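The next block is model.txt, given as compact mmCIF, N, CA and C atoms.
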```txt
# COMPACT_ATOMS: atom_id res chain seq x y z
N MET A 1 -12.07 2.46 6.49
CA MET A 1 -10.98 1.95 5.68
C MET A 1 -9.64 2.48 6.19
N SER A 2 -9.61 3.76 6.52
CA SER A 2 -8.33 4.32 6.95
C SER A 2 -7.84 3.70 8.25
N THR A 3 -8.75 3.39 9.16
CA THR A 3 -8.34 2.74 10.42
C THR A 3 -7.74 1.38 10.15
N SER A 4 -8.34 0.63 9.27
CA SER A 4 -7.82 -0.69 8.91
C SER A 4 -6.43 -0.59 8.29
N LEU A 5 -6.25 0.36 7.39
CA LEU A 5 -4.95 0.52 6.73
C LEU A 5 -3.88 0.98 7.71
N LEU A 6 -4.23 1.86 8.62
CA LEU A 6 -3.27 2.32 9.62
C LEU A 6 -2.87 1.20 10.58
N LYS A 7 -3.81 0.33 10.92
CA LYS A 7 -3.48 -0.83 11.75
C LYS A 7 -2.50 -1.74 11.03
N GLN A 8 -2.68 -1.91 9.73
CA GLN A 8 -1.76 -2.74 8.96
C GLN A 8 -0.35 -2.15 8.95
N ASN A 9 -0.26 -0.83 8.93
CA ASN A 9 1.06 -0.17 8.90
C ASN A 9 1.95 -0.63 10.04
N ALA A 10 1.38 -0.89 11.20
CA ALA A 10 2.17 -1.27 12.37
C ALA A 10 2.94 -2.57 12.13
N GLY A 11 2.44 -3.43 11.27
CA GLY A 11 3.10 -4.70 11.01
C GLY A 11 3.97 -4.72 9.77
N PHE A 12 4.01 -3.64 9.03
CA PHE A 12 4.77 -3.62 7.78
C PHE A 12 6.24 -3.33 8.01
N LYS A 13 7.07 -4.08 7.31
CA LYS A 13 8.50 -3.78 7.27
C LYS A 13 8.83 -3.13 5.92
N LEU A 14 8.02 -3.44 4.92
CA LEU A 14 8.21 -2.88 3.58
C LEU A 14 6.94 -2.14 3.18
N GLY A 15 7.02 -0.84 3.13
CA GLY A 15 5.89 -0.04 2.67
C GLY A 15 4.99 0.43 3.80
N PHE A 16 4.15 1.40 3.47
CA PHE A 16 3.17 1.93 4.42
C PHE A 16 2.05 2.59 3.64
N TRP A 17 0.85 2.54 4.23
CA TRP A 17 -0.32 3.20 3.63
C TRP A 17 -0.32 4.67 4.02
N CYS A 18 -0.80 5.51 3.12
CA CYS A 18 -0.92 6.94 3.39
C CYS A 18 -2.05 7.51 2.54
N ILE A 19 -2.35 8.75 2.76
CA ILE A 19 -3.30 9.48 1.93
C ILE A 19 -2.51 10.57 1.22
N GLU A 20 -2.65 10.63 -0.09
CA GLU A 20 -1.97 11.69 -0.84
C GLU A 20 -2.95 12.33 -1.81
N GLU A 21 -2.59 13.49 -2.27
CA GLU A 21 -3.45 14.21 -3.21
C GLU A 21 -2.97 13.98 -4.63
N LEU A 22 -3.87 13.49 -5.48
CA LEU A 22 -3.60 13.28 -6.90
C LEU A 22 -4.72 13.93 -7.70
N ASP A 23 -4.36 14.82 -8.58
CA ASP A 23 -5.35 15.49 -9.42
C ASP A 23 -6.48 16.11 -8.62
N GLY A 24 -6.14 16.71 -7.48
CA GLY A 24 -7.14 17.39 -6.66
C GLY A 24 -8.00 16.48 -5.80
N GLN A 25 -7.73 15.18 -5.80
CA GLN A 25 -8.49 14.24 -4.97
C GLN A 25 -7.55 13.56 -3.98
N HIS A 26 -8.07 13.25 -2.80
CA HIS A 26 -7.29 12.51 -1.82
C HIS A 26 -7.53 11.03 -2.03
N VAL A 27 -6.43 10.28 -2.15
CA VAL A 27 -6.51 8.85 -2.43
C VAL A 27 -5.59 8.09 -1.47
N PHE A 28 -5.95 6.82 -1.22
CA PHE A 28 -5.07 5.95 -0.45
C PHE A 28 -3.95 5.50 -1.37
N SER A 29 -2.74 5.50 -0.84
CA SER A 29 -1.56 5.04 -1.58
C SER A 29 -0.72 4.17 -0.64
N ILE A 30 -0.01 3.25 -1.23
CA ILE A 30 0.97 2.50 -0.44
C ILE A 30 2.34 2.87 -0.99
N MET A 31 3.26 3.19 -0.09
CA MET A 31 4.56 3.72 -0.48
C MET A 31 5.67 3.00 0.26
N HIS A 32 6.86 3.18 -0.24
CA HIS A 32 8.07 2.70 0.44
C HIS A 32 9.18 3.69 0.13
N ASN A 33 9.83 4.17 1.15
CA ASN A 33 10.95 5.11 0.98
C ASN A 33 12.24 4.42 1.38
N ALA A 34 13.25 4.52 0.55
CA ALA A 34 14.57 3.97 0.87
C ALA A 34 15.62 4.77 0.12
N GLU A 35 16.80 4.82 0.70
CA GLU A 35 17.90 5.48 0.01
C GLU A 35 18.32 4.64 -1.18
N MET A 36 18.54 5.28 -2.30
CA MET A 36 18.85 4.57 -3.54
C MET A 36 20.08 3.66 -3.40
N ASN A 37 21.06 4.07 -2.61
CA ASN A 37 22.28 3.26 -2.49
C ASN A 37 22.03 1.97 -1.70
N LEU A 38 20.87 1.84 -1.05
CA LEU A 38 20.55 0.62 -0.31
C LEU A 38 19.75 -0.38 -1.14
N ILE A 39 19.32 0.02 -2.32
CA ILE A 39 18.43 -0.81 -3.12
C ILE A 39 19.22 -1.61 -4.15
N ASP A 40 19.07 -2.93 -4.08
CA ASP A 40 19.59 -3.79 -5.14
C ASP A 40 18.38 -4.46 -5.81
N ILE A 41 18.62 -5.27 -6.81
CA ILE A 41 17.53 -5.85 -7.59
C ILE A 41 16.63 -6.74 -6.74
N ASP A 42 17.20 -7.52 -5.83
CA ASP A 42 16.38 -8.39 -4.98
C ASP A 42 15.50 -7.57 -4.04
N TYR A 43 16.08 -6.55 -3.44
CA TYR A 43 15.32 -5.69 -2.53
C TYR A 43 14.18 -5.00 -3.28
N PHE A 44 14.49 -4.48 -4.45
CA PHE A 44 13.49 -3.80 -5.26
C PHE A 44 12.34 -4.75 -5.62
N ALA A 45 12.68 -5.96 -6.03
CA ALA A 45 11.65 -6.94 -6.39
C ALA A 45 10.76 -7.27 -5.19
N ARG A 46 11.34 -7.44 -4.01
CA ARG A 46 10.55 -7.72 -2.80
C ARG A 46 9.61 -6.58 -2.48
N VAL A 47 10.11 -5.36 -2.57
CA VAL A 47 9.27 -4.19 -2.27
C VAL A 47 8.12 -4.09 -3.27
N VAL A 48 8.41 -4.21 -4.56
CA VAL A 48 7.36 -4.10 -5.58
C VAL A 48 6.30 -5.18 -5.37
N MET A 49 6.71 -6.42 -5.15
CA MET A 49 5.74 -7.50 -4.97
C MET A 49 4.89 -7.26 -3.72
N ARG A 50 5.49 -6.80 -2.66
CA ARG A 50 4.74 -6.53 -1.43
C ARG A 50 3.72 -5.42 -1.65
N LEU A 51 4.12 -4.36 -2.30
CA LEU A 51 3.21 -3.24 -2.54
C LEU A 51 2.07 -3.64 -3.47
N VAL A 52 2.37 -4.40 -4.51
CA VAL A 52 1.32 -4.86 -5.43
C VAL A 52 0.35 -5.78 -4.70
N ASN A 53 0.86 -6.71 -3.90
CA ASN A 53 -0.01 -7.61 -3.15
C ASN A 53 -0.91 -6.86 -2.18
N GLU A 54 -0.37 -5.87 -1.52
CA GLU A 54 -1.18 -5.08 -0.58
C GLU A 54 -2.27 -4.32 -1.32
N CYS A 55 -1.95 -3.76 -2.47
CA CYS A 55 -2.98 -3.06 -3.27
C CYS A 55 -4.06 -4.04 -3.71
N ASP A 56 -3.67 -5.23 -4.14
CA ASP A 56 -4.66 -6.24 -4.54
C ASP A 56 -5.55 -6.62 -3.36
N ASN A 57 -4.96 -6.81 -2.19
CA ASN A 57 -5.74 -7.14 -0.99
C ASN A 57 -6.72 -6.03 -0.64
N PHE A 58 -6.27 -4.80 -0.73
CA PHE A 58 -7.13 -3.66 -0.42
C PHE A 58 -8.29 -3.58 -1.42
N GLU A 59 -7.97 -3.74 -2.70
CA GLU A 59 -9.01 -3.70 -3.72
C GLU A 59 -10.05 -4.80 -3.49
N GLY A 60 -9.58 -5.99 -3.11
CA GLY A 60 -10.51 -7.08 -2.82
C GLY A 60 -11.40 -6.76 -1.64
N SER A 61 -10.86 -6.16 -0.61
CA SER A 61 -11.64 -5.77 0.57
C SER A 61 -12.71 -4.75 0.21
N VAL A 62 -12.35 -3.78 -0.59
CA VAL A 62 -13.30 -2.75 -1.01
C VAL A 62 -14.39 -3.39 -1.87
N SER A 63 -14.01 -4.28 -2.78
CA SER A 63 -15.01 -4.93 -3.64
C SER A 63 -15.99 -5.76 -2.81
N ARG A 64 -15.48 -6.48 -1.83
CA ARG A 64 -16.38 -7.29 -0.97
C ARG A 64 -17.30 -6.40 -0.17
N ALA A 65 -16.79 -5.28 0.34
CA ALA A 65 -17.62 -4.37 1.12
C ALA A 65 -18.72 -3.76 0.25
N LEU A 66 -18.38 -3.38 -0.97
CA LEU A 66 -19.37 -2.81 -1.87
C LEU A 66 -20.43 -3.85 -2.27
N ALA A 67 -20.01 -5.10 -2.46
CA ALA A 67 -20.94 -6.16 -2.82
C ALA A 67 -21.96 -6.40 -1.72
N GLN A 68 -21.55 -6.24 -0.47
CA GLN A 68 -22.45 -6.43 0.66
C GLN A 68 -23.51 -5.33 0.73
N LEU A 69 -23.20 -4.18 0.17
CA LEU A 69 -24.15 -3.08 0.19
C LEU A 69 -25.29 -3.30 -0.81
N HIS A 70 -25.05 -4.10 -1.81
CA HIS A 70 -26.05 -4.30 -2.87
C HIS A 70 -26.78 -5.55 -2.65
```
Could you express the structure from this file as structure tokens?
Amino acid sequence: MSTSLLKQNAGFKLGFWCIEELDGQHVFSIMHNAEMNLIDIDYFARVVMRLVNECDNFEGSVSRALAQLH
């Protein structure tokens, strides 16, 4: 999974996949860093939609992979 996500990073203009620690566990996260003075409402909306779509795509990939195991 991590190799696939890192390959996707090369094509992203908005956001990137990473591994972060939450509550003592390492989890995949998608993030976007920008200076606050560069963000307007349109930019923010584009970033949020892109990140949500990528999370949905990742979740779908994981679900399909798990279904193949059963």
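Contact shell of segment 7-18 of chain A at 7 Å (only N, CA and C atoms; same-chain neighbours under 4 positions omitted): Ser2, Thr3, Val27, Phe28, Ser29, Ile30, Met31, His32, Asn33, Val47, Arg50 and Leu51 of chain A.
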The selected residues should be written to file as a PDB file, in the coordinates of the input (atoms: N, CA and C atoms).
```pdb
ATOM      1  N   SER A   2      -9.610   3.760   6.520  1.00  0.00           N
ATOM      2  CA  SER A   2      -8.330   4.320   6.950  1.00  0.00           C
ATOM      3  C   SER A   2      -7.840   3.700   8.250  1.00  0.00           C
ATOM      4  N   THR A   3      -8.750   3.390   9.160  1.00  0.00           N
ATOM      5  CA  THR A   3      -8.340   2.740  10.420  1.00  0.00           C
ATOM      6  C   THR A   3      -7.740   1.380  10.150  1.00  0.00           C
ATOM      7  N   VAL A  27      -6.430  10.280  -2.150  1.00  0.00           N
ATOM      8  CA  VAL A  27      -6.510   8.850  -2.430  1.00  0.00           C
ATOM      9  C   VAL A  27      -5.590   8.090  -1.470  1.00  0.00           C
ATOM     10  N   PHE A  28      -5.950   6.820  -1.220  1.00  0.00           N
ATOM     11  CA  PHE A  28      -5.070   5.950  -0.450  1.00  0.00           C
ATOM     12  C   PHE A  28      -3.950   5.500  -1.370  1.00  0.00           C
ATOM     13  N   SER A  29      -2.740   5.500  -0.840  1.00  0.00           N
ATOM     14  CA  SER A  29      -1.560   5.040  -1.580  1.00  0.00           C
ATOM     15  C   SER A  29      -0.720   4.170  -0.640  1.00  0.00           C
ATOM     16  N   ILE A  30      -0.010   3.250  -1.230  1.00  0.00           N
ATOM     17  CA  ILE A  30       0.970   2.500  -0.440  1.00  0.00           C
ATOM     18  C   ILE A  30       2.340   2.870  -0.990  1.00  0.00           C
ATOM     19  N   MET A  31       3.260   3.190  -0.090  1.00  0.00           N
ATOM     20  CA  MET A  31       4.560   3.720  -0.480  1.00  0.00           C
ATOM     21  C   MET A  31       5.670   3.000   0.260  1.00  0.00           C
ATOM     22  N   HIS A  32       6.860   3.180  -0.240  1.00  0.00           N
ATOM     23  CA  HIS A  32       8.070   2.700   0.440  1.00  0.00           C
ATOM     24  C   HIS A  32       9.180   3.690   0.130  1.00  0.00           C
ATOM     25  N   ASN A  33       9.830   4.170   1.150  1.00  0.00           N
ATOM     26  CA  ASN A  33      10.950   5.110   0.980  1.00  0.00           C
ATOM     27  C   ASN A  33      12.240   4.420   1.380  1.00  0.00           C
ATOM     28  N   VAL A  47      10.110  -5.360  -2.570  1.00  0.00           N
ATOM     29  CA  VAL A  47       9.270  -4.190  -2.270  1.00  0.00           C
ATOM     30  C   VAL A  47       8.120  -4.090  -3.270  1.00  0.00           C
ATOM     31  N   ARG A  50       5.490  -6.800  -2.660  1.00  0.00           N
ATOM     32  CA  ARG A  50       4.740  -6.530  -1.430  1.00  0.00           C
ATOM     33  C   ARG A  50       3.720  -5.420  -1.650  1.00  0.00           C
ATOM     34  N   LEU A  51       4.120  -4.360  -2.300  1.00  0.00           N
ATOM     35  CA  LEU A  51       3.210  -3.240  -2.540  1.00  0.00           C
ATOM     36  C   LEU A  51       2.070  -3.640  -3.470  1.00  0.00           C
TER      37      LEU A  51
END
```
- Message: Can you tell me, as a list in words, which residues in chain A count as strand (DSSP E or B) by DSSP?
- Response: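 Matching residues, listed in order: Phe16, Trp17, Cys18, Ile19, Glu20, Glu21, Leu22, Gln25, His26, Val27, Phe28, Ser29, Ile30 and Met31 of chain A.
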- Query: Rounded to one decimal in Å, what is the spacing between atom N of His70 of chain A and atom N of Met1 of chain A?
  - Reply: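 So the answer is 16.7 Å.
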- Item | Those of chain A in DSSP alpha helix (DSSP H), formatted as a PyMOL selection string | chain A and resi 2-9+41-69
